[in-house]
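Please read the structure below before turning to the comments.
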Amino acid sequence: MMTGNEIRARFLKFFADRGHRIVPSSSLVPHNDPTLLFTNAGMNQFKDCFLGEEKRDYVRATTSQKCVRAGGKHNDLENVGRTARHHTFFEMLGNFSFGDYFKQEAISFAWEFLTQDMKLDIDRLYVSVYTDDNEAADIWHNQEGIPRERIYRFEEDNFWSMGDTGPCGPCSEIFYDNGPEVGCGSPDCQVGCDCDRFMEIWNNVFMQFDRQSDGTLIPLPKPAVDTGMGLERLATVMQKAQSNYDTDLLRDIIAYIEKLSGKTYGGSEEDDVSMRVMADHSRATAYLIADGVLPSNEGRGYVLRRIMRRAMRHAKMLGFEDPVLFKTATFVLEFMAAAYPNEAARKDFVAKVVENEEERFIATLGNGLRILQEEITKLKTAGQTLIPGEIVFKLYDTYGFPVDLTADIVEKDGYKLDEKGFETCMEAQRAQAREHWKGSGEEAVSAIYKQLVEQGIKSTFSGYNTDQDQGEVLALLRRGELIDEAVCGESVDVITSITPCYGESGGQVGDQGQIIAPDATLTISDTKKPLDNLIVHVCEVVTGAIKPGDKVTISVDAQRRQRTILNHTATHLLQAAMQKILGSHIKQAGSLVTPERLRFDFTHFSPVTTEELIRIEEEVNRQIRVNAQVKAEEMTADQAQAAGAMALFGEKYGDVVRVISVGDYSMELCGGTHAKAAGDIGLFRILSEGGIAAGVRRIEAVTGEAALAQVQQQQQALERLAQLVKADPQKLELRIQKILEQQKQLEKELEQLQAQANAEKSGELIDQVQEVKGIRLLAAKIPAQDGKGLREFSDQLRDKLGSGVLVLASVSEDKVALLVAVTKDLTSRVKAGDLIKPLAAIVGGRGGGKPELAQAGGSDPEKIEALLQAAPNELEKLLR
């Protein structure tokens with residue numbers, strides 16, 4: 001039997017032998033495409049090549065691409081695990097031509113691979129073409145010998161487009177006949193039937209038209225080919241499996257789940273579904289997190305959380321009470337390490353993220369299921385089947401239940417969700433919060449910059465070695481439009497042939513500086529890098545006028561650059577130090593390097609302790625004192641990886657990369673500017689550490705003169721504090737401890753005096769007791785008390801009252817504190833929480849609590865007397 005790994009390897013080799021470049025799978029997080037949530041097809045990373053906006057040093061490519069399809073409507077996930085073919089994560093095999101070969105070669109390659117390399121039975125293969133694509137039909141018949149009756153013509157599914165406008169073209173699909181035993185049994189069953197008999201295994205897209213805004217199709221000067229074949233589907237055919245889940249790609253994961261659960265796959269359909277869900281979702285979970293996605297409540301992170309929590313719920317259905325998804329996700333990364341070694345190297349980090357999310361969800365799962373079951377019981381009694389939107393929202397908002405998870409749970413009992421009511425609740429919440437993220441979160445590069453690169457305009461960066469250089473003005477832009485001249489007082493974007501100014505990228509801010517032209521002077525307020533070979537100076541013309549073709553001198557603000565350099569090199573030392581002290585799971589999740597400070601976001605799951613921060617700071621300063629040389633080298637990405645250079649999650653790197661080494665202590669892929677030696681940094685100080693997202697924390701720090709200034713400010717603050725408490729700065733801590741001990745003793749004495757006063761006051765108040773329908777009620781205003789004092793006073797009064805109801809009000813700092821207490825023997829007749837609500841409303845507040853005790857706040861102290869007078873009437877209403 002040919003394994004999934006062997007199929008993948010043979011596919012890539014087949015096309016490599018035919019002149020195709022094997023391109024590694026891109027990240028599941030798409031770059032520079034705001035229209036995509038996840039990478040969902042092999043062609044995603046080549047989109048600009050198909051659009052003609054990017055040229056590479058090859059015109060043929062082949063890939064095995066990681067894909068995830070799980071965004072969109074709530075019920076997208078419900079079929080995963082229940083059918084033979086649905087997945088969230090899958091691998092797409094593909095071969096691509098960018099203006100090289102077209103239909104004839106693409107069809108030949110596909111047919112040769114399937115019939116000769118895979119040795120599939122020709123009699124089981126069928127093809128389809130677009131309804132009027134006679135060219136493709138003739139190639140299949142004349143070139144490959146496919147009988148006309150085995151060539152089907154379809155319209156709806158056989159024409160592909162990238163959007164409403166742009167490249168598009170007809171498709172030609174290849175189908176495999178799984179046999180009548182897996183079909184629908186209909187005598188009319190044929191290619192195109194919805195049953196599983198005729199399974200699409202390969203799709204060839206022939207991009208030969210450019211669709212205009214009016215719908216007109218114009219032939220492309222260089223047609224392209226985009227093909228895709230699901231690895232799981234081909235493995236099903238090659239391994240003669242009943243479903244994708246029976247192939248080794250997923251069956252080995254299911255076997256691991258069998259081992260963990262003690263259950264047997266095939267023992268019951270319900271358990272089988274849960275095992276398939278866990279197997280599929282473990283793959284999606286592992287690779288999304290490995291590519292840098294973290295569970296959250298919006299965007300990509302929310303889709304990941306939906307996938308994870310559905311898997312966790314099915315784990316519970318299999319009998320797992322403790323976290324287990326982190327184990328299956330780790331198994332997936334190890335199992336698929338041969339194909340995806342970089343992701344496997346992050347398995348410890350992935351396991352920590354998943355286990356942390358599991359522990360959080362398990363803590364709320366039981367309460368959420370209980371609330372849902374209570375609601376189902378109510379509906380069953382009332383003969384209804386629609387779960388109210390308010391309940392669905394509460395489960396989502398409070399207990400972390402994705403909507404499709406709730407639907408999944410209640411579906412088997414015949415219940416549905418009030419999705420309209422849920423959306424109403426969501427809209428109310430969105431009105432108070434920022435709008436849900438859409439697309440990938442990355443901005444598309446402005447079309448004008450792509451056009452300029454296409455015209456051959458590019459910038460060379462010389463700033464690694466100099467702060468000043470001469471170049472020619474290649475283009476001037478204002479608000480995205482090319483202009484012929486910019487004069488004094490105008491803002492303008494300037495592109496020069498050479499520049500020492502660093503364009504913002506990799507977390508490092510852009511340089512500032514000056515441009516001197518023959519007839520003009522410009523200040524550079526920022527420098528951008530919209531594309532790899534294009535650097536844009538954001539300028540204001542201070543004197544004269546500038547135009548394309550001018551020979552100019554570009555100068556960097558050297559002092560500002562130097563401060564930025566120190567912070568950037570310190571960031572590299574910081575990451576290395578954190579990995580040494582906190583563990584290898586520490587990975588950069590984002591950074592910002594400015595002249596003023598550095599900000600480093602990293603993956604970690606608990607606050608960094610004060611002791612750990614001290615050790616990290618000491619370690620960085622130790623490396624600064626070692627004063628190792630900082631070396632920059634260019635090498636291939638493979639060489640950098642072999643040397644152990646660190647790279648960012650999902651970052652897109654070219655074939656040749658720049659590697660920054662600080663002695664033998666730190667090695668990272670980085671295009672930024674750096675110090676010549678670690679000692680140039682001088683001093684490193686951490687300013688703060690805190691969490692910014694689930695599993696992501698942030699450190700802010702300063703270096704050099706800014707670090708020294710921070711030390712001096714702290715010293716001055718300590719001296720001022722010492723003067724305030726009349727102590728020697730060296731003995732300040734002891735002095736403050738003594739003051740706090742004195743304060744604690746005074747507070748204890750004050751509590752004792754307050755308790756004594758309360759006891760006396762409670763004796764006086766008992767005389768104010770009145771009866772309401774046979775129940776003793778004491779409603780009174782008492783001197784200012786905090787919440788704790790109010791509760792202690794009510795305990796004393798309740799003891800003296802014996803049986804009855806207390807309503808106590810107090811004013812402190814113009815705020816009303818209200819307490820209602822009911823003795824245990826009366827809670828069956830009146831509950832404290834029911835009585836406090838109308839009373840709190842009188843003083844402009846609200847509150848609640850348990851049957852015996854409830855508290856509330858209010859904003860209108862002048863209404864206290866009205867509240868006390870209303871207490872008997874409100875109590876009487878509850879006793880009716």
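Every chain in the structure tokens has a letter given in the order shown (A, B, ...), and although residue numbers restart at 1 in each chain, ligands are simply numbered from 1 in the order shown.
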Excluding A:Thr398 and residues on its chain fewer than 5 positions from it, collect all residues at most 12 Å away from it, counting only C-alpha atoms, and give them as a VMD selection string. chain A and resid 297 361 363 to 365 367 to 368 371 390 to 393
Those same residues - N, CA and C atoms - I'd like them written as a JSON list (two decimals), in the first residue's frame.
[["chain", "number", "residue", "atom", "x", "y", "z"],
["A", 297, "ASN", "N", -11.28, 35.71, 20.58],
["A", 297, "ASN", "CA", -12.71, 35.90, 20.32],
["A", 297, "ASN", "C", -13.00, 36.67, 19.04],
["A", 361, "PHE", "N", -11.44, 26.02, 29.04],
["A", 361, "PHE", "CA", -12.76, 25.61, 28.57],
["A", 361, "PHE", "C", -13.39, 24.55, 29.47],
["A", 363, "ALA", "N", -13.08, 24.28, 32.54],
["A", 363, "ALA", "CA", -13.58, 24.94, 33.76],
["A", 363, "ALA", "C", -14.99, 25.49, 33.58],
["A", 364, "THR", "N", -15.37, 25.81, 32.33],
["A", 364, "THR", "CA", -16.69, 26.40, 32.10],
["A", 364, "THR", "C", -17.65, 25.45, 31.39],
["A", 365, "LEU", "N", -17.11, 24.36, 30.83],
["A", 365, "LEU", "CA", -17.94, 23.46, 30.02],
["A", 365, "LEU", "C", -19.10, 22.87, 30.83],
["A", 367, "ASN", "N", -20.65, 23.99, 33.56],
["A", 367, "ASN", "CA", -21.70, 24.98, 33.88],
["A", 367, "ASN", "C", -22.52, 25.31, 32.64],
["A", 368, "GLY", "N", -21.83, 25.44, 31.49],
["A", 368, "GLY", "CA", -22.56, 25.75, 30.26],
["A", 368, "GLY", "C", -23.51, 24.63, 29.86],
["A", 371, "ILE", "N", -26.63, 24.72, 32.10],
["A", 371, "ILE", "CA", -27.57, 25.78, 31.71],
["A", 371, "ILE", "C", -28.34, 25.37, 30.46],
["A", 390, "GLU", "N", -31.14, 34.60, 23.57],
["A", 390, "GLU", "CA", -30.48, 35.10, 24.78],
["A", 390, "GLU", "C", -29.65, 34.02, 25.44],
["A", 391, "ILE", "N", -30.17, 32.78, 25.44],
["A", 391, "ILE", "CA", -29.44, 31.66, 26.04],
["A", 391, "ILE", "C", -28.21, 31.32, 25.19],
["A", 392, "VAL", "N", -28.38, 31.30, 23.87],
["A", 392, "VAL", "CA", -27.27, 31.01, 22.97],
["A", 392, "VAL", "C", -26.16, 32.05, 23.15],
["A", 393, "PHE", "N", -26.57, 33.32, 23.31],
["A", 393, "PHE", "CA", -25.59, 34.38, 23.49],
["A", 393, "PHE", "C", -24.90, 34.25, 24.84]]
Excluding same-chain residues fewer than 6 positions from A:Tyr665, what lies within 9 Å of it counting only C-alpha atoms, as a list in words?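 The contact residues come out as Leu573, Ala576, Ala577, Gln623 and Ala628 of chain A.
Within 9 Å of A:Leu260, once only C-alpha atoms are used and residues closer than 4 positions along the same chain are dropped, the contacting residues are Ala255, Tyr256, Phe320 and Val324 of chain A.
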Just the selected residues (N, CA and C atoms), exported as a PDB file, in the first residue's frame, please.
ATOM      1  N   ALA A 255      -6.063   5.949  15.573  1.00  0.00           N
ATOM      2  CA  ALA A 255      -5.527   4.849  16.381  1.00  0.00           C
ATOM      3  C   ALA A 255      -4.936   5.378  17.685  1.00  0.00           C
ATOM      4  N   TYR A 256      -4.307   6.535  17.628  1.00  0.00           N
ATOM      5  CA  TYR A 256      -3.755   7.149  18.844  1.00  0.00           C
ATOM      6  C   TYR A 256      -4.878   7.554  19.802  1.00  0.00           C
ATOM      7  N   PHE A 320     -13.219  11.598  28.055  1.00  0.00           N
ATOM      8  CA  PHE A 320     -12.064  12.318  28.596  1.00  0.00           C
ATOM      9  C   PHE A 320     -12.534  13.428  29.533  1.00  0.00           C
ATOM     10  N   VAL A 324      -6.791  16.619  26.701  1.00  0.00           N
ATOM     11  CA  VAL A 324      -6.243  15.557  25.854  1.00  0.00           C
ATOM     12  C   VAL A 324      -5.909  16.062  24.450  1.00  0.00           C
TER      13      VAL A 324
END
Spatial neighbours of stretch 278-285 of chain A, max dist 7 Å, only C-alpha atoms, sep filter under 5 positions, as a compact mmCIF listing (two decimals) with all heavy atoms, in the first residue's frame:
# COMPACT_ATOMS: atom_id res chain seq x y z
N VAL A 68 -6.66 25.36 5.18
CA VAL A 68 -7.75 25.31 6.16
C VAL A 68 -8.96 25.99 5.56
O VAL A 68 -8.85 27.11 5.03
CB VAL A 68 -7.36 25.98 7.49
CG1 VAL A 68 -8.60 26.25 8.35
CG2 VAL A 68 -6.39 25.11 8.28
N HIS A 87 -13.33 18.20 5.69
CA HIS A 87 -12.21 18.45 6.60
C HIS A 87 -12.10 19.95 6.86
O HIS A 87 -12.55 20.77 6.05
CB HIS A 87 -10.89 17.97 6.00
CG HIS A 87 -10.82 16.50 5.77
ND1 HIS A 87 -10.76 15.58 6.79
CD2 HIS A 87 -10.80 15.77 4.62
CE1 HIS A 87 -10.70 14.36 6.29
NE2 HIS A 87 -10.74 14.45 4.97
N THR A 88 -11.48 20.29 8.00
CA THR A 88 -11.06 21.68 8.20
C THR A 88 -9.65 21.85 7.65
O THR A 88 -9.35 22.81 6.96
CB THR A 88 -11.09 22.05 9.69
OG1 THR A 88 -10.33 21.11 10.45
CG2 THR A 88 -12.51 22.08 10.22
N PHE A 89 -8.77 20.89 7.96
CA PHE A 89 -7.39 20.94 7.46
C PHE A 89 -7.21 19.87 6.38
O PHE A 89 -7.68 18.73 6.54
CB PHE A 89 -6.41 20.68 8.61
CG PHE A 89 -4.96 20.57 8.16
CD1 PHE A 89 -4.14 21.67 8.15
CD2 PHE A 89 -4.43 19.35 7.75
CE1 PHE A 89 -2.81 21.58 7.73
CE2 PHE A 89 -3.11 19.23 7.32
CZ PHE A 89 -2.30 20.35 7.32
N LEU A 250 -5.02 9.86 8.31
CA LEU A 250 -5.89 10.14 9.46
C LEU A 250 -6.10 8.93 10.36
O LEU A 250 -6.34 9.08 11.56
CB LEU A 250 -7.24 10.66 8.96
CG LEU A 250 -7.19 12.12 8.47
CD1 LEU A 250 -8.08 12.33 7.28
CD2 LEU A 250 -7.55 13.08 9.59
N ILE A 253 -3.87 8.73 13.37
CA ILE A 253 -4.26 9.68 14.43
C ILE A 253 -5.44 9.09 15.21
O ILE A 253 -5.49 9.16 16.44
CB ILE A 253 -4.64 11.05 13.83
CG1 ILE A 253 -3.47 11.59 13.00
CG2 ILE A 253 -5.01 12.04 14.94
CD1 ILE A 253 -3.81 12.84 12.19
N ILE A 254 -6.40 8.49 14.48
CA ILE A 254 -7.54 7.86 15.13
C ILE A 254 -7.07 6.71 16.03
O ILE A 254 -7.58 6.52 17.15
CB ILE A 254 -8.56 7.36 14.08
CG1 ILE A 254 -9.22 8.57 13.40
CG2 ILE A 254 -9.61 6.46 14.72
CD1 ILE A 254 -10.12 8.21 12.23
N LEU A 304 -10.23 29.37 15.08
CA LEU A 304 -9.42 28.35 15.76
C LEU A 304 -10.09 27.90 17.05
O LEU A 304 -10.16 26.70 17.34
CB LEU A 304 -8.02 28.90 16.04
CG LEU A 304 -7.13 28.03 16.95
CD1 LEU A 304 -6.88 26.66 16.32
CD2 LEU A 304 -5.80 28.75 17.22
N ILE A 307 -12.93 25.55 16.36
CA ILE A 307 -12.44 24.21 16.02
C ILE A 307 -11.98 23.47 17.27
O ILE A 307 -12.33 22.30 17.48
CB ILE A 307 -11.28 24.33 15.00
CG1 ILE A 307 -11.79 24.86 13.66
CG2 ILE A 307 -10.58 22.98 14.81
CD1 ILE A 307 -10.69 25.23 12.68
N MET A 308 -11.20 24.15 18.09
CA MET A 308 -10.65 23.50 19.29
C MET A 308 -11.76 23.08 20.26
O MET A 308 -11.75 21.97 20.80
CB MET A 308 -9.68 24.45 20.00
CG MET A 308 -8.41 24.73 19.22
SD MET A 308 -7.35 25.97 20.02
CE MET A 308 -6.77 25.03 21.41
N ALA A 311 -13.69 20.08 19.18
CA ALA A 311 -12.90 18.87 19.44
C ALA A 311 -12.92 18.52 20.93
O ALA A 311 -13.03 17.35 21.31
CB ALA A 311 -11.46 19.08 18.97
N HIS A 314 -16.17 16.84 21.86
CA HIS A 314 -16.20 15.45 21.43
C HIS A 314 -15.26 14.59 22.26
O HIS A 314 -15.51 13.39 22.44
CB HIS A 314 -15.88 15.35 19.94
CG HIS A 314 -17.06 15.65 19.06
ND1 HIS A 314 -18.00 14.70 18.71
CD2 HIS A 314 -17.49 16.81 18.49
CE1 HIS A 314 -18.93 15.25 17.95
NE2 HIS A 314 -18.64 16.53 17.80
N LEU A 325 -6.55 17.16 24.02
CA LEU A 325 -6.31 17.66 22.66
C LEU A 325 -4.86 18.07 22.47
O LEU A 325 -4.31 17.95 21.38
CB LEU A 325 -7.24 18.85 22.37
CG LEU A 325 -7.24 19.38 20.93
CD1 LEU A 325 -7.72 18.32 19.95
CD2 LEU A 325 -8.11 20.64 20.82
N THR A 328 -3.05 14.98 21.30
CA THR A 328 -3.31 14.59 19.91
C THR A 328 -2.69 15.60 18.93
O THR A 328 -2.21 15.21 17.86
CB THR A 328 -4.81 14.45 19.64
OG1 THR A 328 -5.48 15.68 19.93
CG2 THR A 328 -5.42 13.35 20.51
N ALA A 329 -2.67 16.89 19.30
CA ALA A 329 -2.04 17.90 18.43
C ALA A 329 -0.53 17.65 18.35
O ALA A 329 0.08 17.78 17.28
CB ALA A 329 -2.33 19.30 18.95
N VAL A 332 0.13 14.75 16.06
CA VAL A 332 -0.01 15.15 14.65
C VAL A 332 1.30 15.75 14.14
O VAL A 332 1.80 15.39 13.07
CB VAL A 332 -1.17 16.15 14.48
CG1 VAL A 332 -1.07 16.86 13.13
CG2 VAL A 332 -2.51 15.45 14.61
Check stretch 536-735 of chain A with DSSP on the backbone and list each residue it calls helix (DSSP H, G or I), as a PyMOL selection string. chain A and resi 558-582+610-626+637-643+678-681+704-724+729-735
Long-range neighbours of A:Gln508 as a compact mmCIF listing (two decimals) with C-alpha atoms, in the first residue's frame, 7 Å cut-off, only C-alpha atoms, 3 positions minimum in chain:
# COMPACT_ATOMS: atom_id res chain seq x y z
CA GLU A 504 9.88 50.48 8.02
CA SER A 505 9.81 46.66 8.17
CA LEU A 592 8.49 47.44 17.62
CA VAL A 593 11.92 49.06 17.56
CA THR A 594 11.97 52.85 17.82
CA GLY A 672 17.26 45.59 10.12
Which neighbours of stretch 486-496 of chain A fall inside 6 Å, counting only C-alpha atoms, when residues of the same chain fewer than 6 positions from it are skipped, and could you give them as a count of residues only? 19
Taking only stretch 678-856 of chain A into account, list the residues labelled strand (DSSP E or B) by DSSP (computed from the backbone), as a ChimeraX atom specification. /A:684-693,696-703,770-772,775-781,805-812,815-822,846-849,853-856
Shell of 10 Å around A:Gln855, only C-alpha atoms, local chain residues under 5 positions omitted, as a list in words: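 After dropping sequence-adjacent residues, the list is Gly787, Leu790, Arg791, Val807, Leu808, Ala809, Ala817, Leu818, Leu819, Val820, Ala821, Ala832, Gly833, Ile836, Lys837, Ala840, Arg846, Gly847, Gly848, Gly849 and Lys850 of chain A.
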Within 8 Å of stretch 120-142 of chain A, which residues of stretch 170-234 of chain A show up? Give each one with its shortest atom-to-atom distance in Å (one decimal) and the two atoms involved, counting only C-alpha atoms, rows by chain then rising residue number, as JSON lines.
{"residue": "A:Pro170", "atom": "CA", "partner": "A:Tyr130", "partner_atom": "CA", "distance": 5.6}
{"residue": "A:Cys171", "atom": "CA", "partner": "A:Val129", "partner_atom": "CA", "distance": 6.1}
{"residue": "A:Ser172", "atom": "CA", "partner": "A:Val129", "partner_atom": "CA", "distance": 4.5}
{"residue": "A:Glu173", "atom": "CA", "partner": "A:Ser128", "partner_atom": "CA", "distance": 5.1}
{"residue": "A:Ile174", "atom": "CA", "partner": "A:Val127", "partner_atom": "CA", "distance": 4.5}
{"residue": "A:Phe175", "atom": "CA", "partner": "A:Tyr126", "partner_atom": "CA", "distance": 5.0}
{"residue": "A:Tyr176", "atom": "CA", "partner": "A:Leu125", "partner_atom": "CA", "distance": 4.9}
{"residue": "A:Asp177", "atom": "CA", "partner": "A:Arg124", "partner_atom": "CA", "distance": 5.0}
{"residue": "A:Asn178", "atom": "CA", "partner": "A:Arg124", "partner_atom": "CA", "distance": 7.7}
{"residue": "A:Val191", "atom": "CA", "partner": "A:Tyr126", "partner_atom": "CA", "distance": 7.6}
Would you put the residues from that selection into a file with C-alpha atoms, as a CSV table (one decimal), in the first residue's frame?
chain,number,residue,atom,x,y,z
A,170,PRO,CA,-12.5,27.2,-17.7
A,171,CYS,CA,-11.8,24.1,-15.5
A,172,SER,CA,-11.3,20.5,-16.4
A,173,GLU,CA,-11.8,18.0,-13.6
A,174,ILE,CA,-10.8,14.3,-13.3
A,175,PHE,CA,-13.1,11.9,-11.5
A,176,TYR,CA,-12.5,8.5,-10.0
A,177,ASP,CA,-15.3,5.9,-10.0
A,178,ASN,CA,-15.4,4.3,-6.5
A,191,VAL,CA,-20.5,12.0,-13.0
Gap from atom CA of A:Ala70 to atom CA of A:Gly262 - Å, one decimal: 29.7 Å
